[in-house]
Amino acid sequence: MQGLLHCGNYLQIRDNSLYKCCISLWLTADQSTLIMVWGGRMAKIDYKRTLFISVTGDGREIVTLDEFGISDLSGIRDFDVVYRANFEELVARHTERLAQVAEPLKPFSPTRAMDQYEDLGKVRADRMVALGLAKYLDLQESAWRYTAKGAFCAAYETFIKGLQNAQQQKARANIKRPGS
């Protein structure tokens with residue numbers, strides 16, 4: 001993919017030593033797709049993931065990624081995993097998916113890409129709260145957690161459905177992940 005625009009690198013460090021992750025943000029030339037390359041350690045395990053995110057005019061997120069383990073109970077995200085895909089495979093699959101979208105895509109800003117990504121998370125959190133799957137932990141609505149129902153649904157989505165989806169791509173399990 002030609003003409004990618006680098007939008008910055010961000011270090012995420014949580015309050016404990018179990019999570020440390022770097023995120024590199026990139027935009028496609030038309031600024032309709034945000035590419036996030038994640039790397040670091042989570043619970044002392046290497047964490048690597050690449051996501052392509054495009055947002056339709058009605059707010060639906062089209063997400064193409066290379067690893068299982070992410071769920072979205074809000075119903076806003078439309079995931080497609082190409083397990084252990086290299087960059088070219090992700091580009092091809094995401095481009096194929098976008099070709100099926102009739103409406104225009106919302107652009108990302110090179111200077112506000114991380115803020116826009118975080119805004120998408122707030123929209124998903126609001127939706128999960130409205131569905132009774134999550135609740136806010138503070139008055140500013142800056143932090144949330146799943147309700148009991150949401151935790152059960154998230155575990156089911158992430159693990160059970162993830163295993164089912166992984167089974168469909170088991171032939172790709174022996175592919176060495178790029179960057180490993």
# chains A, B, ... in the order shown; residues from 1 in each chain; ligands from 1

call {"tool": "residues_around", "arguments": {"residues": "A:Arg127", "least_positions_apart": "5", "cutoff": "10 Å", "atoms": "only C-alpha atoms", "output": "list in words"}}
result
Leu73, Ser74, Gly75, Ile76, Gly121, Lys122, Gly132, Leu133 and Ala134 of chain A

call {"tool": "write_last_selection", "arguments": {"atoms": "N, CA, C and O atoms", "output": "short mmCIF file (atom, residue, chain, number, x, y, z; two decimals), in the first residue's frame"}}
result
data_model
loop_
_atom_site.label_atom_id
_atom_site.label_comp_id
_atom_site.auth_asym_id
_atom_site.auth_seq_id
_atom_site.Cartn_x
_atom_site.Cartn_y
_atom_site.Cartn_z
N LEU A 73 -19.35 -6.09 21.96
CA LEU A 73 -20.74 -6.36 22.31
C LEU A 73 -21.67 -5.24 21.88
O LEU A 73 -22.89 -5.40 21.93
N SER A 74 -21.12 -4.12 21.46
CA SER A 74 -21.98 -2.99 21.07
C SER A 74 -22.67 -3.26 19.73
O SER A 74 -23.67 -2.63 19.43
N GLY A 75 -22.12 -4.14 18.93
CA GLY A 75 -22.67 -4.41 17.61
C GLY A 75 -22.23 -3.40 16.57
O GLY A 75 -22.66 -3.44 15.43
N ILE A 76 -21.35 -2.49 16.95
CA ILE A 76 -20.90 -1.44 16.03
C ILE A 76 -19.77 -1.93 15.13
O ILE A 76 -19.69 -1.55 13.97
N GLY A 121 -14.24 4.40 20.78
CA GLY A 121 -14.39 3.58 21.98
C GLY A 121 -15.49 4.11 22.89
O GLY A 121 -16.23 3.33 23.50
N LYS A 122 -15.60 5.41 22.99
CA LYS A 122 -16.64 6.03 23.82
C LYS A 122 -18.03 5.72 23.24
O LYS A 122 -18.97 5.41 23.98
N GLY A 132 -27.21 -2.49 28.68
CA GLY A 132 -27.10 -3.16 29.97
C GLY A 132 -25.93 -4.12 30.05
O GLY A 132 -25.87 -4.97 30.95
N LEU A 133 -24.97 -3.98 29.17
CA LEU A 133 -23.81 -4.89 29.14
C LEU A 133 -22.59 -4.29 29.83
O LEU A 133 -21.60 -4.99 30.07
N ALA A 134 -22.65 -3.00 30.14
CA ALA A 134 -21.53 -2.31 30.79
C ALA A 134 -22.10 -1.19 31.66
O ALA A 134 -23.27 -0.83 31.53
#

call {"tool": "select_by_dssp", "arguments": {"residues": "stretch 129-169 of chain A", "states": "alpha helix (DSSP H)", "output": "list in words"}}
result
Val129, Ala130, Ala148, Lys149, Gly150, Ala151, Phe152, Cys153, Ala154, Ala155, Gly162, Leu163, Gln164, Asn165, Ala166, Gln167 and Gln168 of chain A

call {"tool": "select_by_dssp", "arguments": {"residues": "chain A", "states": "strand (DSSP E)", "output": "PyMOL selection string"}}
result
chain A and resi 5-13+19-27+34-42+45-56+61-65+77-81+105-106+134-136+144-146

call {"tool": "write_last_selection", "arguments": {"atoms": "C-alpha atoms", "output": "tab-separated table (two decimals), in the first residue's frame"}}
result
chain	number	residue	atom	x	y	z
A	5	LEU	CA	0.89	8.70	6.49
A	6	HIS	CA	2.45	8.13	9.92
A	7	CYS	CA	0.31	9.69	12.66
A	8	GLY	CA	2.48	8.97	15.67
A	9	ASN	CA	3.62	6.36	18.15
A	10	TYR	CA	1.97	6.02	21.52
A	11	LEU	CA	3.09	4.15	24.61
A	12	GLN	CA	0.39	2.66	26.82
A	13	ILE	CA	1.46	1.87	30.35
A	19	TYR	CA	0.85	-4.20	30.63
A	20	LYS	CA	3.15	-2.18	28.42
A	21	CYS	CA	2.26	-1.65	24.78
A	22	CYS	CA	3.33	0.62	21.93
A	23	ILE	CA	0.88	1.63	19.22
A	24	SER	CA	1.94	3.05	15.87
A	25	LEU	CA	-0.80	4.82	13.89
A	26	TRP	CA	-0.90	5.14	10.12
A	27	LEU	CA	-3.46	6.49	7.67
A	34	LEU	CA	-6.67	3.96	10.26
A	35	ILE	CA	-4.00	1.29	10.60
A	36	MET	CA	-2.89	0.46	14.13
A	37	VAL	CA	0.19	-1.65	14.75
A	38	TRP	CA	0.34	-2.84	18.37
A	39	GLY	CA	3.34	-4.41	20.05
A	40	GLY	CA	4.42	-5.02	23.60
A	41	ARG	CA	3.77	-7.29	26.55
A	42	MET	CA	0.55	-8.11	28.34
A	45	ILE	CA	3.18	-12.47	27.12
A	46	ASP	CA	4.22	-10.89	23.82
A	47	TYR	CA	1.35	-8.92	22.32
A	48	LYS	CA	1.36	-8.16	18.60
A	49	ARG	CA	-1.63	-7.15	16.53
A	50	THR	CA	-2.40	-5.12	13.42
A	51	LEU	CA	-5.84	-3.59	12.84
A	52	PHE	CA	-7.32	-1.76	9.88
A	53	ILE	CA	-10.33	0.38	10.84
A	54	SER	CA	-12.71	2.25	8.55
A	55	VAL	CA	-15.92	3.94	9.69
A	56	THR	CA	-19.04	4.19	7.55
A	61	GLU	CA	-16.72	0.20	12.08
A	62	ILE	CA	-15.21	-2.18	9.56
A	63	VAL	CA	-12.23	-3.82	11.28
A	64	THR	CA	-9.80	-6.23	9.66
A	65	LEU	CA	-7.10	-7.72	11.87
A	77	ARG	CA	-17.77	-3.28	14.90
A	78	ASP	CA	-17.79	-5.69	11.98
A	79	PHE	CA	-14.69	-7.87	12.50
A	80	ASP	CA	-12.85	-10.03	10.02
A	81	VAL	CA	-9.74	-11.88	11.14
A	105	LEU	CA	-16.40	6.51	4.75
A	106	LYS	CA	-15.65	9.01	7.49
A	134	ALA	CA	-21.53	-2.31	30.79
A	135	LYS	CA	-21.62	0.47	33.34
A	136	TYR	CA	-19.59	3.59	33.87
A	144	TRP	CA	-16.31	1.48	32.32
A	145	ARG	CA	-16.54	-2.21	33.04
A	146	TYR	CA	-18.82	-5.01	32.00

call {"tool": "residues_around", "arguments": {"residues": "A:Tyr83", "least_positions_apart": "5", "cutoff": "8 Å", "atoms": "only C-alpha atoms", "output": "PyMOL selection string"}}
result
chain A and resi 65-68+166+169+172-173

call {"tool": "write_last_selection", "arguments": {"atoms": "N, CA, C and O atoms", "output": "CSV table (one decimal), in the first residue's frame"}}
result
chain,number,residue,atom,x,y,z
A,65,LEU,N,-8.3,-7.5,11.0
A,65,LEU,CA,-7.1,-7.7,11.9
A,65,LEU,C,-6.5,-9.1,11.7
A,65,LEU,O,-7.0,-10.0,11.0
A,66,ASP,N,-5.3,-9.3,12.4
A,66,ASP,CA,-4.5,-10.5,12.1
A,66,ASP,C,-4.5,-11.5,13.3
A,66,ASP,O,-3.8,-12.5,13.3
A,67,GLU,N,-5.2,-11.2,14.4
A,67,GLU,CA,-5.3,-12.1,15.5
A,67,GLU,C,-6.7,-12.2,16.1
A,67,GLU,O,-7.4,-11.2,16.0
A,68,PHE,N,-7.0,-13.3,16.7
A,68,PHE,CA,-8.3,-13.4,17.4
A,68,PHE,C,-8.2,-12.8,18.8
A,68,PHE,O,-7.1,-12.5,19.2
A,166,ALA,N,-11.3,-19.6,14.9
A,166,ALA,CA,-9.9,-20.1,14.7
A,166,ALA,C,-9.9,-21.4,14.1
A,166,ALA,O,-9.0,-21.7,13.3
A,169,GLN,N,-9.7,-21.4,10.5
A,169,GLN,CA,-8.4,-20.9,9.9
A,169,GLN,C,-7.2,-21.7,10.5
A,169,GLN,O,-6.1,-21.2,10.5
A,172,ARG,N,-3.8,-21.9,9.0
A,172,ARG,CA,-2.9,-20.7,9.1
A,172,ARG,C,-2.1,-20.7,10.4
A,172,ARG,O,-1.2,-19.9,10.6
A,173,ALA,N,-2.4,-21.6,11.3
A,173,ALA,CA,-1.7,-21.6,12.6
A,173,ALA,C,-0.2,-21.8,12.5
A,173,ALA,O,0.5,-21.4,13.4

call {"tool": "atom_distance", "arguments": {"atom1": "atom CA of A:Arg112", "atom2": "atom CA of A:Ser32"}}
result
13.3 Å

call {"tool": "closest_residue", "arguments": {"among": "A:Gln31, A:Lys176, A:Ala99, A:Gly3", "to": "A:Thr111", "atoms": "only C-alpha atoms"}}
result
A:Gln31

call {"tool": "atom_distance", "arguments": {"atom1": "atom CA of A:Asn174", "atom2": "atom CA of A:Asp72"}}
result
27.0 Å

call {"tool": "atom_distance", "arguments": {"atom1": "atom CA of A:Ala29", "atom2": "atom CA of A:Val123"}}
result
25.5 Å

call {"tool": "closest_residue", "arguments": {"among": "A:Val129, A:Ala85, A:Ala113, A:Ile70", "to": "A:Ala154", "atoms": "only C-alpha atoms"}}
result
A:Ile70
